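Novice: Coordinates in entry_19.json, JSON, C-alpha atoms, are listed below.
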[["chain", "number", "residue", "atom", "x", "y", "z"],
["A", 24, "MET", "CA", 14.14, -19.70, 35.00],
["A", 25, "GLY", "CA", 11.07, -19.64, 32.80],
["A", 26, "LYS", "CA", 10.49, -22.57, 30.44],
["A", 27, "VAL", "CA", 9.08, -22.67, 26.92],
["A", 28, "TYR", "CA", 6.47, -25.34, 26.21],
["A", 29, "VAL", "CA", 5.50, -25.99, 22.59],
["A", 30, "PHE", "CA", 2.51, -28.34, 22.49],
["A", 31, "ASP", "CA", 2.66, -31.39, 20.25],
["A", 32, "HIS", "CA", -0.83, -32.74, 21.04],
["A", 33, "PRO", "CA", -2.48, -33.85, 17.77],
["A", 34, "LEU", "CA", -5.74, -31.98, 18.49],
["A", 35, "ILE", "CA", -3.86, -28.74, 19.15],
["A", 36, "GLN", "CA", -1.80, -29.15, 15.99],
["A", 37, "HIS", "CA", -4.88, -29.93, 13.90],
["A", 38, "LYS", "CA", -6.94, -27.01, 15.17],
["A", 39, "THR", "CA", -3.99, -24.62, 14.86],
["A", 40, "ALA", "CA", -3.60, -25.68, 11.23],
["A", 41, "MET", "CA", -7.27, -24.86, 10.65],
["A", 42, "ILE", "CA", -7.05, -21.32, 12.05],
["A", 43, "ARG", "CA", -4.14, -20.60, 9.70],
["A", 44, "LYS", "CA", -6.27, -21.21, 6.61],
["A", 45, "THR", "CA", -7.36, -18.07, 4.77],
["A", 46, "GLU", "CA", -10.83, -19.49, 4.09],
["A", 47, "THR", "CA", -11.65, -20.17, 7.76],
["A", 48, "SER", "CA", -14.71, -18.05, 8.65],
["A", 49, "VAL", "CA", -14.91, -15.65, 11.58],
["A", 50, "LYS", "CA", -17.34, -18.00, 13.34],
["A", 51, "ASP", "CA", -15.10, -21.04, 12.89],
["A", 52, "PHE", "CA", -11.99, -19.04, 13.81],
["A", 53, "ARG", "CA", -13.55, -17.97, 17.12],
["A", 54, "GLU", "CA", -14.65, -21.50, 17.95],
["A", 55, "LEU", "CA", -11.26, -22.95, 17.10],
["A", 56, "VAL", "CA", -9.38, -20.36, 19.18],
["A", 57, "ARG", "CA", -11.67, -21.17, 22.12],
["A", 58, "GLU", "CA", -11.04, -24.91, 21.68],
["A", 59, "ILE", "CA", -7.26, -24.53, 21.39],
["A", 60, "ALA", "CA", -7.18, -22.35, 24.51],
["A", 61, "MET", "CA", -9.16, -25.00, 26.40],
["A", 62, "LEU", "CA", -6.77, -27.76, 25.34],
["A", 63, "MET", "CA", -3.77, -25.61, 26.26],
["A", 64, "CYS", "CA", -5.33, -24.81, 29.63],
["A", 65, "TYR", "CA", -5.58, -28.52, 30.38],
["A", 66, "GLU", "CA", -1.83, -28.90, 29.86],
["A", 67, "ALA", "CA", -0.72, -25.58, 31.38],
["A", 68, "THR", "CA", -2.54, -26.23, 34.68],
["A", 69, "ARG", "CA", -0.90, -29.61, 35.24],
["A", 70, "ASP", "CA", 1.08, -28.39, 38.25],
["A", 71, "LEU", "CA", -1.68, -26.52, 40.09],
["A", 72, "PRO", "CA", -1.57, -27.31, 43.83],
["A", 73, "LEU", "CA", -4.11, -29.71, 45.29],
["A", 74, "MET", "CA", -5.42, -30.26, 48.79],
["A", 75, "GLU", "CA", -6.97, -33.30, 50.44],
["A", 76, "VAL", "CA", -10.67, -33.00, 51.24],
["A", 77, "ASP", "CA", -13.11, -35.24, 53.12],
["A", 78, "ILE", "CA", -16.32, -35.96, 51.18],
["A", 79, "GLU", "CA", -19.27, -38.36, 51.27],
["A", 80, "THR", "CA", -19.97, -40.51, 48.24],
["A", 81, "PRO", "CA", -23.27, -42.44, 47.96],
["A", 82, "ILE", "CA", -21.32, -45.41, 49.33],
["A", 83, "CYS", "CA", -19.05, -44.07, 52.09],
["A", 84, "ALA", "CA", -16.82, -41.30, 53.40],
["A", 85, "THR", "CA", -13.52, -40.85, 51.59],
["A", 86, "LYS", "CA", -10.63, -38.48, 51.01],
["A", 87, "VAL", "CA", -10.18, -36.86, 47.60],
["A", 88, "LYS", "CA", -7.90, -34.27, 46.06],
["A", 89, "MET", "CA", -9.30, -30.95, 44.88],
["A", 90, "LEU", "CA", -7.88, -27.65, 43.74],
["A", 91, "ARG", "CA", -7.17, -25.10, 46.43],
["A", 92, "GLY", "CA", -9.37, -22.03, 46.30],
["A", 93, "GLU", "CA", -8.26, -18.62, 45.02],
["A", 94, "ASP", "CA", -5.75, -20.13, 42.64],
["A", 95, "ILE", "CA", -6.05, -18.72, 39.12],
["A", 96, "ALA", "CA", -6.41, -15.39, 37.36],
["A", 97, "ILE", "CA", -6.85, -15.09, 33.60],
["A", 98, "VAL", "CA", -5.63, -11.83, 32.05],
["A", 99, "PRO", "CA", -6.17, -11.34, 28.30],
["A", 100, "ILE", "CA", -4.27, -8.62, 26.48],
["A", 101, "LEU", "CA", -6.91, -6.53, 24.70],
["A", 102, "ARG", "CA", -8.34, -7.12, 22.28],
["A", 103, "ALA", "CA", -7.25, -10.39, 20.67],
["A", 104, "GLY", "CA", -6.59, -12.11, 24.00],
["A", 105, "LEU", "CA", -10.32, -12.02, 24.73],
["A", 106, "GLY", "CA", -10.80, -14.80, 22.19],
["A", 107, "MET", "CA", -8.97, -17.24, 24.47],
["A", 108, "VAL", "CA", -10.80, -16.44, 27.71],
["A", 109, "ASP", "CA", -13.89, -18.62, 27.29],
["A", 110, "GLY", "CA", -11.78, -21.68, 26.52],
["A", 111, "MET", "CA", -9.87, -21.20, 29.75],
["A", 112, "LEU", "CA", -13.03, -20.57, 31.76],
["A", 113, "ALA", "CA", -14.61, -23.74, 30.41],
["A", 114, "LEU", "CA", -12.09, -25.70, 32.49],
["A", 115, "VAL", "CA", -11.54, -23.30, 35.41],
["A", 116, "PRO", "CA", -14.90, -21.50, 35.76],
["A", 117, "ASN", "CA", -14.04, -20.08, 39.18],
["A", 118, "ALA", "CA", -10.97, -18.24, 37.88],
["A", 119, "LYS", "CA", -11.02, -14.47, 38.17],
["A", 120, "VAL", "CA", -10.53, -12.44, 35.00],
["A", 121, "GLY", "CA", -8.55, -9.22, 34.62],
["A", 122, "HIS", "CA", -7.79, -7.17, 31.50],
["A", 123, "VAL", "CA", -4.78, -5.29, 30.19],
["A", 124, "GLY", "CA", -4.94, -2.86, 27.27],
["A", 125, "LEU", "CA", -1.98, -1.13, 25.68],
["A", 126, "TYR", "CA", -1.03, 0.65, 22.48],
["A", 127, "ARG", "CA", 2.26, 1.59, 20.86],
["A", 128, "ASP", "CA", 3.14, 5.29, 21.01],
["A", 129, "PRO", "CA", 3.57, 6.47, 17.39],
["A", 130, "ASP", "CA", 6.54, 8.66, 18.26],
["A", 131, "THR", "CA", 8.49, 6.61, 20.80],
["A", 132, "HIS", "CA", 7.19, 3.19, 19.63],
["A", 133, "GLU", "CA", 7.03, 2.22, 23.30],
["A", 134, "PRO", "CA", 3.99, 0.32, 24.69],
["A", 135, "VAL", "CA", 1.64, 2.56, 26.70],
["A", 136, "GLU", "CA", -0.92, 1.14, 29.13],
["A", 137, "TYR", "CA", -4.43, 2.52, 28.62],
["A", 138, "TYR", "CA", -6.32, 0.01, 30.76],
["A", 139, "CYS", "CA", -5.39, -2.41, 33.54],
["A", 140, "LYS", "CA", -7.97, -3.97, 35.84],
["A", 141, "LEU", "CA", -6.88, -6.98, 37.86],
["A", 142, "PRO", "CA", -8.34, -9.04, 40.72],
["A", 143, "GLY", "CA", -7.53, -7.47, 44.09],
["A", 144, "ASP", "CA", -5.80, -10.66, 45.25],
["A", 145, "VAL", "CA", -3.70, -11.09, 42.11],
["A", 146, "ASP", "CA", -0.59, -11.46, 44.28],
["A", 147, "LYS", "CA", -1.98, -14.77, 45.59],
["A", 148, "ARG", "CA", -2.92, -16.23, 42.21],
["A", 149, "GLN", "CA", -1.27, -18.04, 39.35],
["A", 150, "VAL", "CA", -1.78, -15.55, 36.51],
["A", 151, "PHE", "CA", -2.21, -16.70, 32.92],
["A", 152, "VAL", "CA", -1.65, -13.85, 30.45],
["A", 153, "LEU", "CA", -3.34, -14.54, 27.12],
["A", 154, "ASP", "CA", -2.58, -13.23, 23.62],
["A", 155, "PRO", "CA", -3.00, -15.31, 20.43],
["A", 156, "MET", "CA", 0.21, -14.00, 18.82],
["A", 157, "LEU", "CA", 3.72, -13.50, 20.20],
["A", 158, "ALA", "CA", 5.45, -11.55, 17.43],
["A", 159, "THR", "CA", 8.07, -9.01, 18.50],
["A", 160, "GLY", "CA", 7.38, -9.70, 22.17],
["A", 161, "GLY", "CA", 7.20, -6.00, 23.05],
["A", 162, "SER", "CA", 3.51, -5.86, 23.94],
["A", 163, "ALA", "CA", 3.58, -9.12, 25.89],
["A", 164, "ALA", "CA", 6.65, -8.06, 27.87],
["A", 165, "ALA", "CA", 5.11, -4.66, 28.64],
["A", 166, "ALA", "CA", 1.79, -6.19, 29.71],
["A", 167, "ILE", "CA", 3.56, -8.59, 32.06],
["A", 168, "SER", "CA", 5.54, -5.68, 33.52],
["A", 169, "PHE", "CA", 2.28, -3.80, 34.21],
["A", 170, "ILE", "CA", 0.82, -6.91, 35.86],
["A", 171, "LYS", "CA", 3.90, -7.36, 38.03],
["A", 172, "GLU", "CA", 3.63, -3.74, 39.13],
["A", 173, "LYS", "CA", 0.15, -4.58, 40.46],
["A", 174, "GLY", "CA", 1.62, -7.30, 42.68],
["A", 175, "ALA", "CA", 1.42, -10.50, 40.61],
["A", 176, "GLN", "CA", 4.24, -12.90, 41.37],
["A", 177, "LYS", "CA", 3.46, -16.13, 39.54],
["A", 178, "ILE", "CA", 2.85, -15.46, 35.86],
["A", 179, "SER", "CA", 2.62, -17.65, 32.76],
["A", 180, "PHE", "CA", 2.10, -16.49, 29.18],
["A", 181, "MET", "CA", -0.09, -18.40, 26.72],
["A", 182, "CYS", "CA", -0.25, -17.83, 22.97],
["A", 183, "LEU", "CA", -1.34, -19.73, 19.91],
["A", 184, "ILE", "CA", 1.52, -18.83, 17.58],
["A", 185, "ALA", "CA", 4.96, -17.44, 18.43],
["A", 186, "ALA", "CA", 7.96, -16.20, 16.50],
["A", 187, "PRO", "CA", 11.48, -16.98, 17.78],
["A", 188, "GLU", "CA", 12.14, -13.24, 18.10],
["A", 189, "GLY", "CA", 9.21, -12.77, 20.48],
["A", 190, "ILE", "CA", 10.16, -15.76, 22.59],
["A", 191, "GLU", "CA", 13.68, -14.37, 22.95],
["A", 192, "VAL", "CA", 12.44, -10.94, 24.05],
["A", 193, "LEU", "CA", 9.99, -12.37, 26.58],
["A", 194, "LEU", "CA", 12.59, -14.68, 28.11],
["A", 195, "ARG", "CA", 15.08, -11.82, 28.27],
["A", 196, "ASP", "CA", 12.69, -9.35, 29.92],
["A", 197, "HIS", "CA", 10.88, -11.86, 32.15],
["A", 198, "PRO", "CA", 13.10, -14.88, 32.78],
["A", 199, "ASP", "CA", 10.73, -16.04, 35.54],
["A", 200, "VAL", "CA", 7.71, -16.45, 33.22],
["A", 201, "ASP", "CA", 6.81, -19.79, 31.61],
["A", 202, "ILE", "CA", 5.63, -19.56, 27.98],
["A", 203, "TYR", "CA", 3.02, -21.93, 26.54],
["A", 204, "ILE", "CA", 2.77, -22.07, 22.75],
["A", 205, "ALA", "CA", 0.51, -24.00, 20.39],
["A", 206, "ALA", "CA", 2.90, -23.52, 17.43],
["A", 207, "LYS", "CA", 6.38, -22.02, 17.10],
["A", 208, "ASP", "CA", 6.78, -20.44, 13.67],
["A", 209, "GLU", "CA", 9.73, -19.60, 11.46],
["A", 210, "LYS", "CA", 10.34, -15.84, 11.79],
["A", 211, "LEU", "CA", 9.00, -12.30, 11.53],
["A", 212, "ASN", "CA", 8.77, -10.60, 8.14],
["A", 213, "ASP", "CA", 9.69, -6.97, 7.40],
["A", 214, "HIS", "CA", 6.29, -5.82, 8.71],
["A", 215, "ALA", "CA", 6.69, -7.73, 12.00],
["A", 216, "TYR", "CA", 4.09, -10.33, 11.00],
["A", 217, "ILE", "CA", 4.72, -13.94, 11.98],
["A", 218, "VAL", "CA", 5.63, -16.23, 9.05],
["A", 219, "PRO", "CA", 3.72, -18.39, 8.14],
["A", 220, "GLY", "CA", 1.40, -17.16, 10.93],
["A", 221, "LEU", "CA", -2.29, -16.53, 10.36],
["A", 222, "GLY", "CA", -2.53, -12.78, 9.75],
["A", 223, "ASP", "CA", -4.00, -10.41, 12.34],
["A", 224, "ALA", "CA", -5.68, -12.47, 15.06],
["A", 225, "GLY", "CA", -7.87, -9.60, 16.28],
["A", 226, "ASP", "CA", -9.20, -8.89, 12.79],
["A", 227, "ARG", "CA", -9.93, -12.56, 12.20],
["A", 228, "LEU", "CA", -11.67, -12.94, 15.57],
["A", 229, "TYR", "CA", -13.92, -9.92, 15.16],
["A", 230, "GLY", "CA", -14.28, -9.55, 11.40],
["A", 231, "THR", "CA", -12.48, -6.21, 11.22],
["A", 232, "LYS", "CA", -9.77, -5.07, 8.82]]
Write out the structure in this file as structure tokens.
Specialist:
Amino acid sequence: MGKVYVFDHPLIQHKTAMIRKTETSVKDFRELVREIAMLMCYEATRDLPLMEVDIETPICATKVKMLRGEDIAIVPILRAGLGMVDGMLALVPNAKVGHVGLYRDPDTHEPVEYYCKLPGDVDKRQVFVLDPMLATGGSAAAAISFIKEKGAQKISFMCLIAAPEGIEVLLRDHPDVDIYIAAKDEKLNDHAYIVPGLGDAGDRLYGTK
């Protein structure tokens, strides 16, 4: 059963508070999102498997523990998820990166995949799906379904801010997926925006409206 982790680290809380502020510039918003993603990556990778390796230090031979190869794939949901990628790569630079793009059909309101490019060995990797906001949960659940169809078996979802409604949908549709959250908010409003939230993450990352 998937677990929900809401981070209480002071640095994560502080930086998340800063990205909420209306007056935070595009430049600062991007940098803060990158930093929060890096801090979350540190916590979310706590259980990655290690192997024992023989090395030579300047003093002597010794055994050390290192990450196994071919372990991680980072998959942002386009476009806002791209803002979290560099923070993850700062800690796991050898991770492979895939991309998933989807839109909501105006008639059926169902998510439609328009782009999905994943590492060829995604079935062997721990996949971290990234999206700053988990609102209704529909897009995240659909993206994870697309990724599973490509063979991924171990998937975690990382977001900055989540609404209870989105968490419920993701746990219902993908009970095997762990969810990592920087801040769990109060609710969705009538327009499906997270309250108090931070507005549209994509617009704030890229200066669009």
Novice: Just to confirm, what's the straight-line distance from atom CA of A:His37 to atom CA of A:Pro155 in Å (one decimal)?
Specialist: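 These two atoms are separated by 16.1 Å.
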Novice: Which residue gives the smallest distance to A:Ala175 among A:Ile217, A:Ala118, A:Met111, A:Ile97, with only C-alpha atoms counted?
Specialist: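 Closest to A:Ala175 of all the choices is A:Ile97.
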Novice: One decimal, in Å: what's the spacing between atom CA of A:Asn212 and atom CA of A:Gly189?
Specialist: 12.5 Å
Novice: Which residue is closest to A:Val120? Choose from A:Cys139, A:Val49, A:Leu105, A:Ala96 and count all atoms listed in the file.
Specialist: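 Smallest distance to A:Val120 is found for A:Ala96.
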Novice: Just give me the gap between atom CA of A:Gly220 and atom CA of A:Met156 in Å, one decimal is fine.
Specialist: 8.6 Å
Novice: Using all atoms listed in the file, can you tell me which of A:Leu55, A:Leu194, A:Tyr137, A:Cys182 comes closest to A:Lys207?
Specialist: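 Nearest to A:Lys207: A:Cys182.
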Novice: Could you check the closest approach to A:Thr159 for each of A:Leu73, A:Met24, A:Leu193, A:Met181 and tell me which residue wins, using only C-alpha atoms?
Specialist: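 Using only C-alpha atoms, the shortest distance to A:Thr159 belongs to A:Leu193.
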Novice: For each of A:Leu157, A:Val152, A:Leu71, A:Leu62, take the minimum atom-to-atom distance to A:Gln36, counting all atoms listed in the file, then give the residue where this is smallest.
Specialist: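 Answer, going by the shortest atom-to-atom distance: A:Leu62.
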Novice: Quick one: residues within 12 Å of A:Ala163, only C-alpha atoms counted, chain neighbours fewer than 3 positions away excluded, as number ranges by chain?
Specialist: A: 98-101, 104, 123-127, 134-136, 151-160, 166-170, 178-182, 185, 189-194, 196-197, 200, 202
Novice: Which residues are near A:Ala206? Cut-off 8 Å, all atoms listed in the file, ignore same chain within fewer than 6 positions. Put them as a count of residues only.
Specialist: 7
Novice: Which polymer residues, whether protein, DNA or RNA, lie within 8 Å of the coordinate (0.4, -18.8, 9.9) when you count only C-alpha atoms? List them as number ranges by chain, using the chain letters and numbers from the file.
Specialist: A: 43-44, 184, 208, 217-222
Novice: Can stretch 137-158 of chain A be brought up to N, CA, C and O atoms and written out as a PDB file, keeping the file's coordinate frame?
Specialist:
ATOM      1  N   TYR A 137      -3.236   1.681  28.567  1.00  0.00           N
ATOM      2  CA  TYR A 137      -4.430   2.520  28.620  1.00  0.00           C
ATOM      3  C   TYR A 137      -5.511   1.908  29.505  1.00  0.00           C
ATOM      4  O   TYR A 137      -6.484   2.576  29.867  1.00  0.00           O
ATOM      5  N   TYR A 138      -5.338   0.633  29.884  1.00  0.00           N
ATOM      6  CA  TYR A 138      -6.320   0.010  30.760  1.00  0.00           C
ATOM      7  C   TYR A 138      -5.662  -1.168  31.478  1.00  0.00           C
ATOM      8  O   TYR A 138      -4.968  -1.973  30.854  1.00  0.00           O
ATOM      9  N   CYS A 139      -5.872  -1.254  32.771  1.00  0.00           N
ATOM     10  CA  CYS A 139      -5.390  -2.410  33.540  1.00  0.00           C
ATOM     11  C   CYS A 139      -6.285  -2.588  34.750  1.00  0.00           C
ATOM     12  O   CYS A 139      -6.278  -1.772  35.666  1.00  0.00           O
ATOM     13  N   LYS A 140      -7.079  -3.638  34.734  1.00  0.00           N
ATOM     14  CA  LYS A 140      -7.970  -3.970  35.840  1.00  0.00           C
ATOM     15  C   LYS A 140      -7.744  -5.422  36.208  1.00  0.00           C
ATOM     16  O   LYS A 140      -8.002  -6.330  35.407  1.00  0.00           O
ATOM     17  N   LEU A 141      -7.235  -5.639  37.425  1.00  0.00           N
ATOM     18  CA  LEU A 141      -6.880  -6.980  37.860  1.00  0.00           C
ATOM     19  C   LEU A 141      -7.610  -7.340  39.152  1.00  0.00           C
ATOM     20  O   LEU A 141      -8.024  -6.449  39.901  1.00  0.00           O
ATOM     21  N   PRO A 142      -7.765  -8.639  39.437  1.00  0.00           N
ATOM     22  CA  PRO A 142      -8.340  -9.040  40.720  1.00  0.00           C
ATOM     23  C   PRO A 142      -7.523  -8.462  41.881  1.00  0.00           C
ATOM     24  O   PRO A 142      -6.294  -8.364  41.805  1.00  0.00           O
ATOM     25  N   GLY A 143      -8.208  -8.089  42.949  1.00  0.00           N
ATOM     26  CA  GLY A 143      -7.530  -7.470  44.090  1.00  0.00           C
ATOM     27  C   GLY A 143      -6.532  -8.386  44.764  1.00  0.00           C
ATOM     28  O   GLY A 143      -5.585  -7.911  45.402  1.00  0.00           O
ATOM     29  N   ASP A 144      -6.710  -9.703  44.616  1.00  0.00           N
ATOM     30  CA  ASP A 144      -5.800 -10.660  45.250  1.00  0.00           C
ATOM     31  C   ASP A 144      -4.865 -11.301  44.233  1.00  0.00           C
ATOM     32  O   ASP A 144      -4.470 -12.460  44.361  1.00  0.00           O
ATOM     33  N   VAL A 145      -4.510 -10.540  43.195  1.00  0.00           N
ATOM     34  CA  VAL A 145      -3.700 -11.090  42.110  1.00  0.00           C
ATOM     35  C   VAL A 145      -2.343 -11.591  42.612  1.00  0.00           C
ATOM     36  O   VAL A 145      -1.735 -12.493  42.027  1.00  0.00           O
ATOM     37  N   ASP A 146      -1.880 -11.037  43.722  1.00  0.00           N
ATOM     38  CA  ASP A 146      -0.590 -11.460  44.280  1.00  0.00           C
ATOM     39  C   ASP A 146      -0.627 -12.889  44.803  1.00  0.00           C
ATOM     40  O   ASP A 146       0.412 -13.524  44.979  1.00  0.00           O
ATOM     41  N   LYS A 147      -1.836 -13.420  45.051  1.00  0.00           N
ATOM     42  CA  LYS A 147      -1.980 -14.770  45.590  1.00  0.00           C
ATOM     43  C   LYS A 147      -2.305 -15.792  44.507  1.00  0.00           C
ATOM     44  O   LYS A 147      -2.460 -16.977  44.802  1.00  0.00           O
ATOM     45  N   ARG A 148      -2.433 -15.357  43.271  1.00  0.00           N
ATOM     46  CA  ARG A 148      -2.920 -16.230  42.210  1.00  0.00           C
ATOM     47  C   ARG A 148      -1.853 -16.557  41.173  1.00  0.00           C
ATOM     48  O   ARG A 148      -0.926 -15.788  40.947  1.00  0.00           O
ATOM     49  N   GLN A 149      -2.027 -17.723  40.543  1.00  0.00           N
ATOM     50  CA  GLN A 149      -1.270 -18.040  39.350  1.00  0.00           C
ATOM     51  C   GLN A 149      -1.937 -17.305  38.189  1.00  0.00           C
ATOM     52  O   GLN A 149      -3.112 -17.528  37.906  1.00  0.00           O
ATOM     53  N   VAL A 150      -1.209 -16.401  37.560  1.00  0.00           N
ATOM     54  CA  VAL A 150      -1.780 -15.550  36.510  1.00  0.00           C
ATOM     55  C   VAL A 150      -1.408 -16.094  35.139  1.00  0.00           C
ATOM     56  O   VAL A 150      -0.227 -16.327  34.854  1.00  0.00           O
ATOM     57  N   PHE A 151      -2.424 -16.292  34.303  1.00  0.00           N
ATOM     58  CA  PHE A 151      -2.210 -16.700  32.920  1.00  0.00           C
ATOM     59  C   PHE A 151      -2.519 -15.506  32.015  1.00  0.00           C
ATOM     60  O   PHE A 151      -3.670 -15.070  31.918  1.00  0.00           O
ATOM     61  N   VAL A 152      -1.492 -14.966  31.380  1.00  0.00           N
ATOM     62  CA  VAL A 152      -1.650 -13.850  30.450  1.00  0.00           C
ATOM     63  C   VAL A 152      -1.878 -14.425  29.057  1.00  0.00           C
ATOM     64  O   VAL A 152      -1.106 -15.278  28.599  1.00  0.00           O
ATOM     65  N   LEU A 153      -2.927 -13.951  28.392  1.00  0.00           N
ATOM     66  CA  LEU A 153      -3.340 -14.540  27.120  1.00  0.00           C
ATOM     67  C   LEU A 153      -3.208 -13.550  25.963  1.00  0.00           C
ATOM     68  O   LEU A 153      -3.639 -12.402  26.061  1.00  0.00           O
ATOM     69  N   ASP A 154      -2.617 -13.995  24.869  1.00  0.00           N
ATOM     70  CA  ASP A 154      -2.580 -13.230  23.620  1.00  0.00           C
ATOM     71  C   ASP A 154      -2.332 -14.247  22.506  1.00  0.00           C
ATOM     72  O   ASP A 154      -1.384 -15.036  22.607  1.00  0.00           O
ATOM     73  N   PRO A 155      -3.173 -14.278  21.466  1.00  0.00           N
ATOM     74  CA  PRO A 155      -3.000 -15.310  20.430  1.00  0.00           C
ATOM     75  C   PRO A 155      -1.631 -15.297  19.763  1.00  0.00           C
ATOM     76  O   PRO A 155      -1.111 -16.344  19.402  1.00  0.00           O
ATOM     77  N   MET A 156      -1.035 -14.103  19.579  1.00  0.00           N
ATOM     78  CA  MET A 156       0.210 -14.000  18.820  1.00  0.00           C
ATOM     79  C   MET A 156       1.329 -13.427  19.684  1.00  0.00           C
ATOM     80  O   MET A 156       1.130 -12.441  20.397  1.00  0.00           O
ATOM     81  N   LEU A 157       2.501 -14.041  19.595  1.00  0.00           N
ATOM     82  CA  LEU A 157       3.720 -13.500  20.200  1.00  0.00           C
ATOM     83  C   LEU A 157       4.666 -13.201  19.045  1.00  0.00           C
ATOM     84  O   LEU A 157       5.359 -14.093  18.559  1.00  0.00           O
ATOM     85  N   ALA A 158       4.665 -11.943  18.606  1.00  0.00           N
ATOM     86  CA  ALA A 158       5.450 -11.550  17.430  1.00  0.00           C
ATOM     87  C   ALA A 158       6.786 -10.952  17.861  1.00  0.00           C
ATOM     88  O   ALA A 158       7.755 -11.662  18.078  1.00  0.00           O
TER      89      ALA A 158
END
